[in-house]
file upload_15.pdb (PDB, C-alpha atoms, pLDDT in the B column)
ATOM      1  CA  MET A   1     -75.514  54.733 -37.087  1.00 70.00           C
ATOM      2  CA  ASN A   2     -75.161  53.886 -33.384  1.00 91.00           C
ATOM      3  CA  GLU A   3     -75.429  50.360 -31.966  1.00 93.00           C
ATOM      4  CA  TRP A   4     -79.126  50.709 -31.043  1.00 94.00           C
ATOM      5  CA  GLU A   5     -80.001  51.934 -34.524  1.00 95.00           C
ATOM      6  CA  SER A   6     -77.946  49.109 -36.003  1.00 95.00           C
ATOM      7  CA  LEU A   7     -79.826  46.572 -33.870  1.00 95.00           C
ATOM      8  CA  ALA A   8     -83.185  48.079 -34.897  1.00 95.00           C
ATOM      9  CA  HIS A   9     -82.153  47.994 -38.565  1.00 95.00           C
ATOM     10  CA  ARG A  10     -81.101  44.325 -38.323  1.00 93.00           C
ATOM     11  CA  LEU A  11     -84.358  43.399 -36.617  1.00 93.00           C
ATOM     12  CA  ARG A  12     -86.462  45.252 -39.202  1.00 91.00           C
ATOM     13  CA  TRP A  13     -84.798  43.057 -41.813  1.00 90.00           C
ATOM     14  CA  ALA A  14     -84.684  39.707 -39.933  1.00 89.00           C
ATOM     15  CA  GLY A  15     -87.743  40.082 -37.693  1.00 88.00           C
ATOM     16  CA  HIS A  16     -86.247  38.669 -34.512  1.00 90.00           C
ATOM     17  CA  GLU A  17     -83.009  37.818 -32.733  1.00 93.00           C
ATOM     18  CA  ALA A  18     -82.042  36.184 -29.428  1.00 94.00           C
ATOM     19  CA  ARG A  19     -79.616  38.093 -27.209  1.00 95.00           C
ATOM     20  CA  ASP A  20     -78.060  37.619 -23.782  1.00 94.00           C
ATOM     21  CA  ILE A  21     -79.031  40.210 -21.199  1.00 96.00           C
ATOM     22  CA  GLU A  22     -75.306  40.764 -20.673  1.00 96.00           C
ATOM     23  CA  ASN A  23     -75.022  41.940 -24.281  1.00 95.00           C
ATOM     24  CA  LEU A  24     -77.841  44.454 -23.784  1.00 97.00           C
ATOM     25  CA  VAL A  25     -76.280  45.641 -20.512  1.00 97.00           C
ATOM     26  CA  HIS A  26     -73.018  46.392 -22.315  1.00 95.00           C
ATOM     27  CA  LEU A  27     -74.931  48.012 -25.170  1.00 94.00           C
ATOM     28  CA  ILE A  28     -76.476  50.462 -22.695  1.00 93.00           C
ATOM     29  CA  GLY A  29     -73.008  51.140 -21.248  1.00 93.00           C
ATOM     30  CA  ALA A  30     -73.512  49.474 -17.859  1.00 94.00           C
ATOM     31  CA  GLN A  31     -71.648  46.722 -16.013  1.00 92.00           C
ATOM     32  CA  LYS A  32     -74.483  44.895 -14.191  1.00 92.00           C
ATOM     33  CA  ALA A  33     -78.135  44.203 -14.914  1.00 91.00           C
ATOM     34  CA  GLY A  34     -79.832  45.877 -11.961  1.00 93.00           C
ATOM     35  CA  ALA A  35     -83.446  47.046 -11.939  1.00 94.00           C
ATOM     36  CA  ARG A  36     -82.610  50.582 -13.146  1.00 96.00           C
ATOM     37  CA  VAL A  37     -80.363  49.281 -15.928  1.00 96.00           C
ATOM     38  CA  ILE A  38     -83.119  46.921 -17.083  1.00 96.00           C
ATOM     39  CA  GLU A  39     -85.577  49.828 -17.115  1.00 96.00           C
ATOM     40  CA  ARG A  40     -83.155  51.850 -19.255  1.00 96.00           C
ATOM     41  CA  ILE A  41     -82.721  48.910 -21.647  1.00 97.00           C
ATOM     42  CA  GLU A  42     -86.488  48.426 -21.942  1.00 97.00           C
ATOM     43  CA  GLN A  43     -86.900  52.147 -22.672  1.00 97.00           C
ATOM     44  CA  LYS A  44     -84.117  52.118 -25.271  1.00 97.00           C
ATOM     45  CA  LEU A  45     -85.736  49.095 -26.968  1.00 97.00           C
ATOM     46  CA  ALA A  46     -89.125  50.838 -26.951  1.00 96.00           C
ATOM     47  CA  ASP A  47     -87.547  54.010 -28.389  1.00 97.00           C
ATOM     48  CA  HIS A  48     -86.367  51.918 -31.348  1.00 97.00           C
ATOM     49  CA  ASN A  49     -89.699  50.065 -31.759  1.00 95.00           C
ATOM     50  CA  ILE A  50     -88.152  46.806 -30.563  1.00 96.00           C
ATOM     51  CA  GLY A  51     -90.271  44.390 -28.552  1.00 93.00           C
ATOM     52  CA  HIS A  52     -88.963  41.692 -26.256  1.00 93.00           C
ATOM     53  CA  LEU A  53     -89.992  38.392 -24.716  1.00 90.00           C
ATOM     54  CA  PRO A  54     -90.285  37.761 -21.875  1.00 89.00           C
ATOM     55  CA  THR A  55     -92.383  40.865 -21.348  1.00 87.00           C
ATOM     56  CA  ARG A  56     -90.238  41.870 -18.352  1.00 90.00           C
ATOM     57  CA  LEU A  57     -86.506  41.562 -18.973  1.00 94.00           C
ATOM     58  CA  PRO A  58     -84.669  39.517 -16.323  1.00 93.00           C
ATOM     59  CA  THR A  59     -81.760  40.888 -14.284  1.00 93.00           C
ATOM     60  CA  ASP A  60     -79.799  37.639 -14.697  1.00 93.00           C
ATOM     61  CA  SER A  61     -77.130  38.559 -17.241  1.00 90.00           C
ATOM     62  CA  THR A  62     -76.825  34.955 -18.494  1.00 91.00           C
ATOM     63  CA  ARG A  63     -80.473  34.764 -19.568  1.00 93.00           C
ATOM     64  CA  ARG A  64     -81.358  34.994 -23.246  1.00 94.00           C
ATOM     65  CA  VAL A  65     -84.270  37.060 -24.450  1.00 94.00           C
ATOM     66  CA  LEU A  66     -86.019  37.289 -27.785  1.00 93.00           C
ATOM     67  CA  LEU A  67     -85.989  40.710 -29.438  1.00 95.00           C
ATOM     68  CA  TYR A  68     -88.242  41.521 -32.368  1.00 92.00           C
ATOM     69  CA  SER A  69     -89.013  44.465 -34.595  1.00 93.00           C
ATOM     70  CA  LYS A  70     -92.552  45.737 -34.278  1.00 90.00           C
ATOM     71  CA  GLU A  71     -92.105  47.056 -37.834  1.00 88.00           C
ATOM     72  CA  HIS A  72     -91.348  43.656 -39.403  1.00 84.00           C
ATOM     73  CA  GLU A  73     -94.238  42.414 -41.536  1.00 80.00           C
ATOM     74  CA  GLY A  74     -93.772  38.736 -40.697  1.00 82.00           C
ATOM     75  CA  VAL A  75     -92.373  37.250 -37.524  1.00 83.00           C
ATOM     76  CA  GLY A  76     -91.932  40.575 -35.758  1.00 83.00           C
ATOM     77  CA  PHE A  77     -95.579  41.474 -36.329  1.00 83.00           C
ATOM     78  CA  MET A  78     -96.754  38.097 -35.038  1.00 83.00           C
ATOM     79  CA  LEU A  79     -94.561  38.312 -31.945  1.00 85.00           C
ATOM     80  CA  SER A  80     -95.927  41.791 -31.322  1.00 85.00           C
ATOM     81  CA  LEU A  81     -99.482  40.403 -31.403  1.00 83.00           C
ATOM     82  CA  VAL A  82     -98.537  37.537 -29.070  1.00 84.00           C
ATOM     83  CA  HIS A  83     -96.943  40.053 -26.701  1.00 83.00           C
ATOM     84  CA  GLU A  84    -100.072  42.236 -26.727  1.00 82.00           C
ATOM     85  CA  LEU A  85    -102.233  39.232 -25.871  1.00 81.00           C
ATOM     86  CA  ALA A  86     -99.855  38.139 -23.105  1.00 79.00           C
ATOM     87  CA  ILE A  87     -99.971  41.456 -21.263  1.00 79.00           C
ATOM     88  CA  GLN A  88    -103.659  42.271 -21.702  1.00 78.00           C
ATOM     89  CA  ASP A  89    -106.147  41.928 -18.916  1.00 73.00           C
ATOM     90  CA  PRO A  90    -108.511  39.025 -19.761  1.00 70.00           C
ATOM     91  CA  ALA A  91    -111.457  41.436 -19.475  1.00 70.00           C
ATOM     92  CA  ASP A  92    -110.038  43.659 -22.253  1.00 69.00           C
ATOM     93  CA  GLU A  93    -111.314  43.418 -25.803  1.00 68.00           C
ATOM     94  CA  GLN A  94    -109.024  40.916 -27.532  1.00 67.00           C
ATOM     95  CA  ASN A  95    -111.044  39.782 -30.529  1.00 74.00           C
ATOM     96  CA  GLY A  96    -109.226  42.005 -33.018  1.00 77.00           C
ATOM     97  CA  ILE A  97    -105.786  40.864 -31.917  1.00 77.00           C
ATOM     98  CA  VAL A  98    -106.825  37.216 -31.810  1.00 79.00           C
ATOM     99  CA  HIS A  99    -108.338  37.525 -35.291  1.00 80.00           C
ATOM    100  CA  ARG A 100    -105.198  39.153 -36.784  1.00 80.00           C
ATOM    101  CA  LEU A 101    -102.917  36.584 -35.154  1.00 79.00           C
ATOM    102  CA  ASP A 102    -105.141  33.696 -36.258  1.00 83.00           C
ATOM    103  CA  GLU A 103    -105.175  34.941 -39.861  1.00 83.00           C
ATOM    104  CA  ARG A 104    -101.391  35.361 -39.944  1.00 80.00           C
ATOM    105  CA  LEU A 105    -100.847  31.898 -38.423  1.00 80.00           C
ATOM    106  CA  LYS A 106    -103.208  30.378 -40.999  1.00 84.00           C
ATOM    107  CA  ASP A 107    -101.159  32.026 -43.760  1.00 82.00           C
ATOM    108  CA  ILE A 108     -97.940  30.582 -42.344  1.00 78.00           C
ATOM    109  CA  THR A 109     -99.474  27.134 -41.880  1.00 79.00           C
ATOM    110  CA  SER A 110    -100.761  27.189 -45.439  1.00 82.00           C
ATOM    111  CA  LEU A 111     -97.310  28.110 -46.764  1.00 79.00           C
ATOM    112  CA  TRP A 112     -95.682  25.415 -44.644  1.00 74.00           C
ATOM    113  CA  LEU A 113     -98.161  22.761 -45.741  1.00 75.00           C
ATOM    114  CA  GLY A 114     -97.701  23.752 -49.389  1.00 78.00           C
ATOM    115  CA  GLY A 115     -93.928  23.426 -49.026  1.00 73.00           C
ATOM    116  CA  ALA A 116     -94.280  20.082 -47.250  1.00 69.00           C
ATOM    117  CA  ARG A 117     -96.560  18.823 -50.014  1.00 75.00           C
ATOM    118  CA  ARG A 118     -94.048  19.859 -52.693  1.00 77.00           C
ATOM    119  CA  ARG A 119     -91.241  18.122 -50.791  1.00 75.00           C
ATOM    120  CA  GLU A 120     -93.311  14.931 -50.619  1.00 76.00           C
ATOM    121  CA  GLU A 121     -94.128  15.092 -54.323  1.00 79.00           C
ATOM    122  CA  ALA A 122     -90.434  15.566 -55.153  1.00 79.00           C
ATOM    123  CA  ARG A 123     -89.509  12.300 -53.397  1.00 76.00           C
TER
END
call {"tool": "encode", "arguments": {"input": "upload_15.pdb", "output": "structure tokens"}}
result
Amino acid sequence: MNEWESLAHRLRWAGHEARDIENLVHLIGAQKAGARVIERIEQKLADHNIGHLPTRLPTDSTRRVLLYSKEHEGVGFMLSLVHELAIQDPADEQNGIVHRLDERLKDITSLWLGGARRREEAR
């Protein structure tokens, strides 16, 4: 398994991970984060079904970015929906994405509130 496959595997399990651009630059086998290197990194991430925020990777090697697996059922899926909404033209049809994201966020909020209630009852 190469390093990109290993990263994709980790993200499919964990959902997301923050990385420095410098780390991704070295992963691609480059020394500096120029425009072409960033394009190659973005393509490599896409090839492995890995999304990233911000939607355009910076060329500043000290910046951190959030990577996520588009195949992850939880956090990765939600980040993928947020990303889709962020890059869509406001005139595009967004109701389906908004609905899916809203439903998933309601599920998470419900789980969080249930856990908070149990913690309060345990006190």
call {"tool": "resolve_selection", "arguments": {"input": "upload_15.pdb", "expression": "the PyMOL selection byres ((chain A and resi 51-61) around 9)", "output": "PyMOL selection string"}}
result
chain A and resi 20-25+32-35+37-39+41-42+45-46+48-50+62-70+76+79-80+83+86-87
call {"tool": "resolve_selection", "arguments": {"input": "upload_15.pdb", "expression": "the PyMOL selection byres ((chain A and resi 15) around 6)", "output": "ChimeraX atom specification"}}
result
/A:11-14,16,68-69,72,75-76
call {"tool": "write_last_selection", "arguments": {"input": "upload_15.pdb", "atoms": "C-alpha atoms", "output": "PDB file, keeping the file's coordinate frame"}}
result
ATOM      1  CA  LEU A  11     -84.358  43.399 -36.617  1.00 93.00           C
ATOM      2  CA  ARG A  12     -86.462  45.252 -39.202  1.00 91.00           C
ATOM      3  CA  TRP A  13     -84.798  43.057 -41.813  1.00 90.00           C
ATOM      4  CA  ALA A  14     -84.684  39.707 -39.933  1.00 89.00           C
ATOM      5  CA  HIS A  16     -86.247  38.669 -34.512  1.00 90.00           C
ATOM      6  CA  TYR A  68     -88.242  41.521 -32.368  1.00 92.00           C
ATOM      7  CA  SER A  69     -89.013  44.465 -34.595  1.00 93.00           C
ATOM      8  CA  HIS A  72     -91.348  43.656 -39.403  1.00 84.00           C
ATOM      9  CA  VAL A  75     -92.373  37.250 -37.524  1.00 83.00           C
ATOM     10  CA  GLY A  76     -91.932  40.575 -35.758  1.00 83.00           C
TER      11      GLY A  76
END
call {"tool": "atom_distance", "arguments": {"input": "upload_15.pdb", "atom1": "CA of Glu84 (chain A)", "atom2": "CA of Asp102 (chain A)"}}
result
13.8 Å
call {"tool": "axis_aligned_box", "arguments": {"input": "upload_15.pdb", "around": "region 36-55 of chain A", "padding_each_side": "6 Å", "output": "AutoDock Vina command-line options"}}
result
--center_x -86.4 --center_y 45.9 --center_z -22.5 --size_x 24.0 --size_y 28.2 --size_z 30.6
call {"tool": "closest_residue", "arguments": {"input": "upload_15.pdb", "among": "A:Asn2, A:Leu111, A:Glu71, A:Arg100", "to": "Ile28 (chain A)", "atoms": "only C-alpha atoms"}}
result
A:Asn2
call {"tool": "atom_distance", "arguments": {"input": "upload_15.pdb", "atom1": "CA of Leu105 (chain A)", "atom2": "CA of Arg10 (chain A)"}}
result
23.3 Å
call {"tool": "closest_residue", "arguments": {"input": "upload_15.pdb", "among": "A:Asp89, A:Arg40, A:His99, A:Gly114", "to": "His26 (chain A)", "atoms": "only C-alpha atoms"}}
result
A:Arg40
call {"tool": "decode", "arguments": {"input": "upload_15.pdb", "residues": "region 2-14 of chain A", "atoms": "all heavy atoms", "output": "PDB file, in the first residue's frame"}}
result
ATOM      1  N   ASN A   2       0.707   2.140  -0.975  1.00  0.00           N
ATOM      2  CA  ASN A   2       1.519   3.357  -0.994  1.00  0.00           C
ATOM      3  C   ASN A   2       0.969   4.387  -0.011  1.00  0.00           C
ATOM      4  O   ASN A   2      -0.065   4.169   0.620  1.00  0.00           O
ATOM      5  CB  ASN A   2       1.637   3.922  -2.420  1.00  0.00           C
ATOM      6  CG  ASN A   2       0.337   4.500  -2.941  1.00  0.00           C
ATOM      7  OD1 ASN A   2      -0.475   5.060  -2.204  1.00  0.00           O
ATOM      8  ND2 ASN A   2       0.119   4.375  -4.233  1.00  0.00           N
ATOM      9  N   GLU A   3       1.670   5.507   0.113  1.00  0.00           N
ATOM     10  CA  GLU A   3       1.289   6.514   1.125  1.00  0.00           C
ATOM     11  C   GLU A   3      -0.085   7.133   0.860  1.00  0.00           C
ATOM     12  O   GLU A   3      -0.813   7.436   1.801  1.00  0.00           O
ATOM     13  CB  GLU A   3       2.362   7.594   1.200  1.00  0.00           C
ATOM     14  CG  GLU A   3       3.674   7.082   1.775  1.00  0.00           C
ATOM     15  CD  GLU A   3       4.704   8.181   1.897  1.00  0.00           C
ATOM     16  OE1 GLU A   3       4.532   9.052   2.766  1.00  0.00           O
ATOM     17  OE2 GLU A   3       5.653   8.158   1.103  1.00  0.00           O
ATOM     18  N   TRP A   4      -0.443   7.313  -0.415  1.00  0.00           N
ATOM     19  CA  TRP A   4      -1.760   7.883  -0.739  1.00  0.00           C
ATOM     20  C   TRP A   4      -2.865   6.902  -0.390  1.00  0.00           C
ATOM     21  O   TRP A   4      -3.896   7.290   0.150  1.00  0.00           O
ATOM     22  CB  TRP A   4      -1.821   8.291  -2.207  1.00  0.00           C
ATOM     23  CG  TRP A   4      -0.961   9.469  -2.491  1.00  0.00           C
ATOM     24  CD1 TRP A   4       0.291   9.460  -3.041  1.00  0.00           C
ATOM     25  CD2 TRP A   4      -1.248  10.833  -2.183  1.00  0.00           C
ATOM     26  NE1 TRP A   4       0.782  10.741  -3.108  1.00  0.00           N
ATOM     27  CE2 TRP A   4      -0.139  11.607  -2.599  1.00  0.00           C
ATOM     28  CE3 TRP A   4      -2.338  11.482  -1.612  1.00  0.00           C
ATOM     29  CZ2 TRP A   4      -0.092  12.987  -2.448  1.00  0.00           C
ATOM     30  CZ3 TRP A   4      -2.299  12.865  -1.468  1.00  0.00           C
ATOM     31  CH2 TRP A   4      -1.187  13.604  -1.885  1.00  0.00           C
ATOM     32  N   GLU A   5      -2.641   5.627  -0.682  1.00  0.00           N
ATOM     33  CA  GLU A   5      -3.631   4.611  -0.323  1.00  0.00           C
ATOM     34  C   GLU A   5      -3.754   4.479   1.191  1.00  0.00           C
ATOM     35  O   GLU A   5      -4.849   4.298   1.715  1.00  0.00           O
ATOM     36  CB  GLU A   5      -3.246   3.267  -0.942  1.00  0.00           C
ATOM     37  CG  GLU A   5      -3.382   3.247  -2.448  1.00  0.00           C
ATOM     38  CD  GLU A   5      -2.730   2.033  -3.091  1.00  0.00           C
ATOM     39  OE1 GLU A   5      -1.987   1.299  -2.390  1.00  0.00           O
ATOM     40  OE2 GLU A   5      -2.950   1.838  -4.284  1.00  0.00           O
ATOM     41  N   SER A   6      -2.632   4.596   1.875  1.00  0.00           N
ATOM     42  CA  SER A   6      -2.637   4.543   3.338  1.00  0.00           C
ATOM     43  C   SER A   6      -3.426   5.714   3.923  1.00  0.00           C
ATOM     44  O   SER A   6      -4.219   5.541   4.859  1.00  0.00           O
ATOM     45  CB  SER A   6      -1.200   4.555   3.854  1.00  0.00           C
ATOM     46  OG  SER A   6      -1.169   4.544   5.243  1.00  0.00           O
ATOM     47  N   LEU A   7      -3.219   6.902   3.365  1.00  0.00           N
ATOM     48  CA  LEU A   7      -3.970   8.081   3.807  1.00  0.00           C
ATOM     49  C   LEU A   7      -5.464   7.878   3.561  1.00  0.00           C
ATOM     50  O   LEU A   7      -6.293   8.128   4.449  1.00  0.00           O
ATOM     51  CB  LEU A   7      -3.465   9.334   3.081  1.00  0.00           C
ATOM     52  CG  LEU A   7      -4.242  10.626   3.324  1.00  0.00           C
ATOM     53  CD1 LEU A   7      -4.192  11.021   4.799  1.00  0.00           C
ATOM     54  CD2 LEU A   7      -3.691  11.747   2.446  1.00  0.00           C
ATOM     55  N   ALA A   8      -5.823   7.404   2.375  1.00  0.00           N
ATOM     56  CA  ALA A   8      -7.236   7.169   2.043  1.00  0.00           C
ATOM     57  C   ALA A   8      -7.848   6.140   2.992  1.00  0.00           C
ATOM     58  O   ALA A   8      -8.978   6.310   3.460  1.00  0.00           O
ATOM     59  CB  ALA A   8      -7.366   6.720   0.594  1.00  0.00           C
ATOM     60  N   HIS A   9      -7.107   5.094   3.285  1.00  0.00           N
ATOM     61  CA  HIS A   9      -7.587   4.052   4.207  1.00  0.00           C
ATOM     62  C   HIS A   9      -7.839   4.633   5.603  1.00  0.00           C
ATOM     63  O   HIS A   9      -8.874   4.374   6.217  1.00  0.00           O
ATOM     64  CB  HIS A   9      -6.567   2.913   4.273  1.00  0.00           C
ATOM     65  CG  HIS A   9      -6.947   1.825   5.215  1.00  0.00           C
ATOM     66  ND1 HIS A   9      -7.944   0.920   4.939  1.00  0.00           N
ATOM     67  CD2 HIS A   9      -6.472   1.516   6.450  1.00  0.00           C
ATOM     68  CE1 HIS A   9      -8.072   0.101   5.969  1.00  0.00           C
ATOM     69  NE2 HIS A   9      -7.191   0.436   6.890  1.00  0.00           N
ATOM     70  N   ARG A  10      -6.884   5.427   6.097  1.00  0.00           N
ATOM     71  CA  ARG A  10      -7.030   6.053   7.417  1.00  0.00           C
ATOM     72  C   ARG A  10      -8.252   6.965   7.458  1.00  0.00           C
ATOM     73  O   ARG A  10      -9.008   6.975   8.427  1.00  0.00           O
ATOM     74  CB  ARG A  10      -5.771   6.864   7.753  1.00  0.00           C
ATOM     75  CG  ARG A  10      -5.058   6.416   8.967  1.00  0.00           C
ATOM     76  CD  ARG A  10      -3.883   7.236   9.418  1.00  0.00           C
ATOM     77  NE  ARG A  10      -3.407   8.327   8.603  1.00  0.00           N
ATOM     78  CZ  ARG A  10      -2.496   8.201   7.622  1.00  0.00           C
ATOM     79  NH1 ARG A  10      -2.001   7.021   7.336  1.00  0.00           N
ATOM     80  NH2 ARG A  10      -2.097   9.251   6.941  1.00  0.00           N
ATOM     81  N   LEU A  11      -8.440   7.731   6.395  1.00  0.00           N
ATOM     82  CA  LEU A  11      -9.568   8.660   6.352  1.00  0.00           C
ATOM     83  C   LEU A  11     -10.901   7.924   6.241  1.00  0.00           C
ATOM     84  O   LEU A  11     -11.905   8.380   6.795  1.00  0.00           O
ATOM     85  CB  LEU A  11      -9.402   9.655   5.213  1.00  0.00           C
ATOM     86  CG  LEU A  11      -8.286  10.675   5.402  1.00  0.00           C
ATOM     87  CD1 LEU A  11      -8.066  11.472   4.120  1.00  0.00           C
ATOM     88  CD2 LEU A  11      -8.578  11.601   6.561  1.00  0.00           C
ATOM     89  N   ARG A  12     -10.927   6.816   5.517  1.00  0.00           N
ATOM     90  CA  ARG A  12     -12.175   6.030   5.445  1.00  0.00           C
ATOM     91  C   ARG A  12     -12.568   5.531   6.826  1.00  0.00           C
ATOM     92  O   ARG A  12     -13.739   5.404   7.143  1.00  0.00           O
ATOM     93  CB  ARG A  12     -12.018   4.844   4.482  1.00  0.00           C
ATOM     94  CG  ARG A  12     -12.213   5.222   3.032  1.00  0.00           C
ATOM     95  CD  ARG A  12     -12.355   4.004   2.136  1.00  0.00           C
ATOM     96  NE  ARG A  12     -11.192   3.137   2.149  1.00  0.00           N
ATOM     97  CZ  ARG A  12     -10.115   3.301   1.376  1.00  0.00           C
ATOM     98  NH1 ARG A  12     -10.052   4.308   0.539  1.00  0.00           N
ATOM     99  NH2 ARG A  12      -9.118   2.442   1.454  1.00  0.00           N
ATOM    100  N   TRP A  13     -11.582   5.260   7.668  1.00  0.00           N
ATOM    101  CA  TRP A  13     -11.856   4.792   9.018  1.00  0.00           C
ATOM    102  C   TRP A  13     -12.202   5.954   9.953  1.00  0.00           C
ATOM    103  O   TRP A  13     -13.180   5.906  10.679  1.00  0.00           O
ATOM    104  CB  TRP A  13     -10.647   4.016   9.561  1.00  0.00           C
ATOM    105  CG  TRP A  13     -10.899   3.467  10.906  1.00  0.00           C
ATOM    106  CD1 TRP A  13     -11.582   2.334  11.219  1.00  0.00           C
ATOM    107  CD2 TRP A  13     -10.494   4.049  12.151  1.00  0.00           C
ATOM    108  NE1 TRP A  13     -11.622   2.169  12.575  1.00  0.00           N
ATOM    109  CE2 TRP A  13     -10.965   3.204  13.180  1.00  0.00           C
ATOM    110  CE3 TRP A  13      -9.785   5.197  12.493  1.00  0.00           C
ATOM    111  CZ2 TRP A  13     -10.750   3.488  14.517  1.00  0.00           C
ATOM    112  CZ3 TRP A  13      -9.572   5.462  13.827  1.00  0.00           C
ATOM    113  CH2 TRP A  13     -10.050   4.611  14.822  1.00  0.00           C
ATOM    114  N   ALA A  14     -11.385   7.023   9.934  1.00  0.00           N
ATOM    115  CA  ALA A  14     -11.545   8.136  10.886  1.00  0.00           C
ATOM    116  C   ALA A  14     -12.510   9.208  10.397  1.00  0.00           C
ATOM    117  O   ALA A  14     -13.095   9.921  11.195  1.00  0.00           O
ATOM    118  CB  ALA A  14     -10.183   8.774  11.177  1.00  0.00           C
TER     119      ALA A  14
END
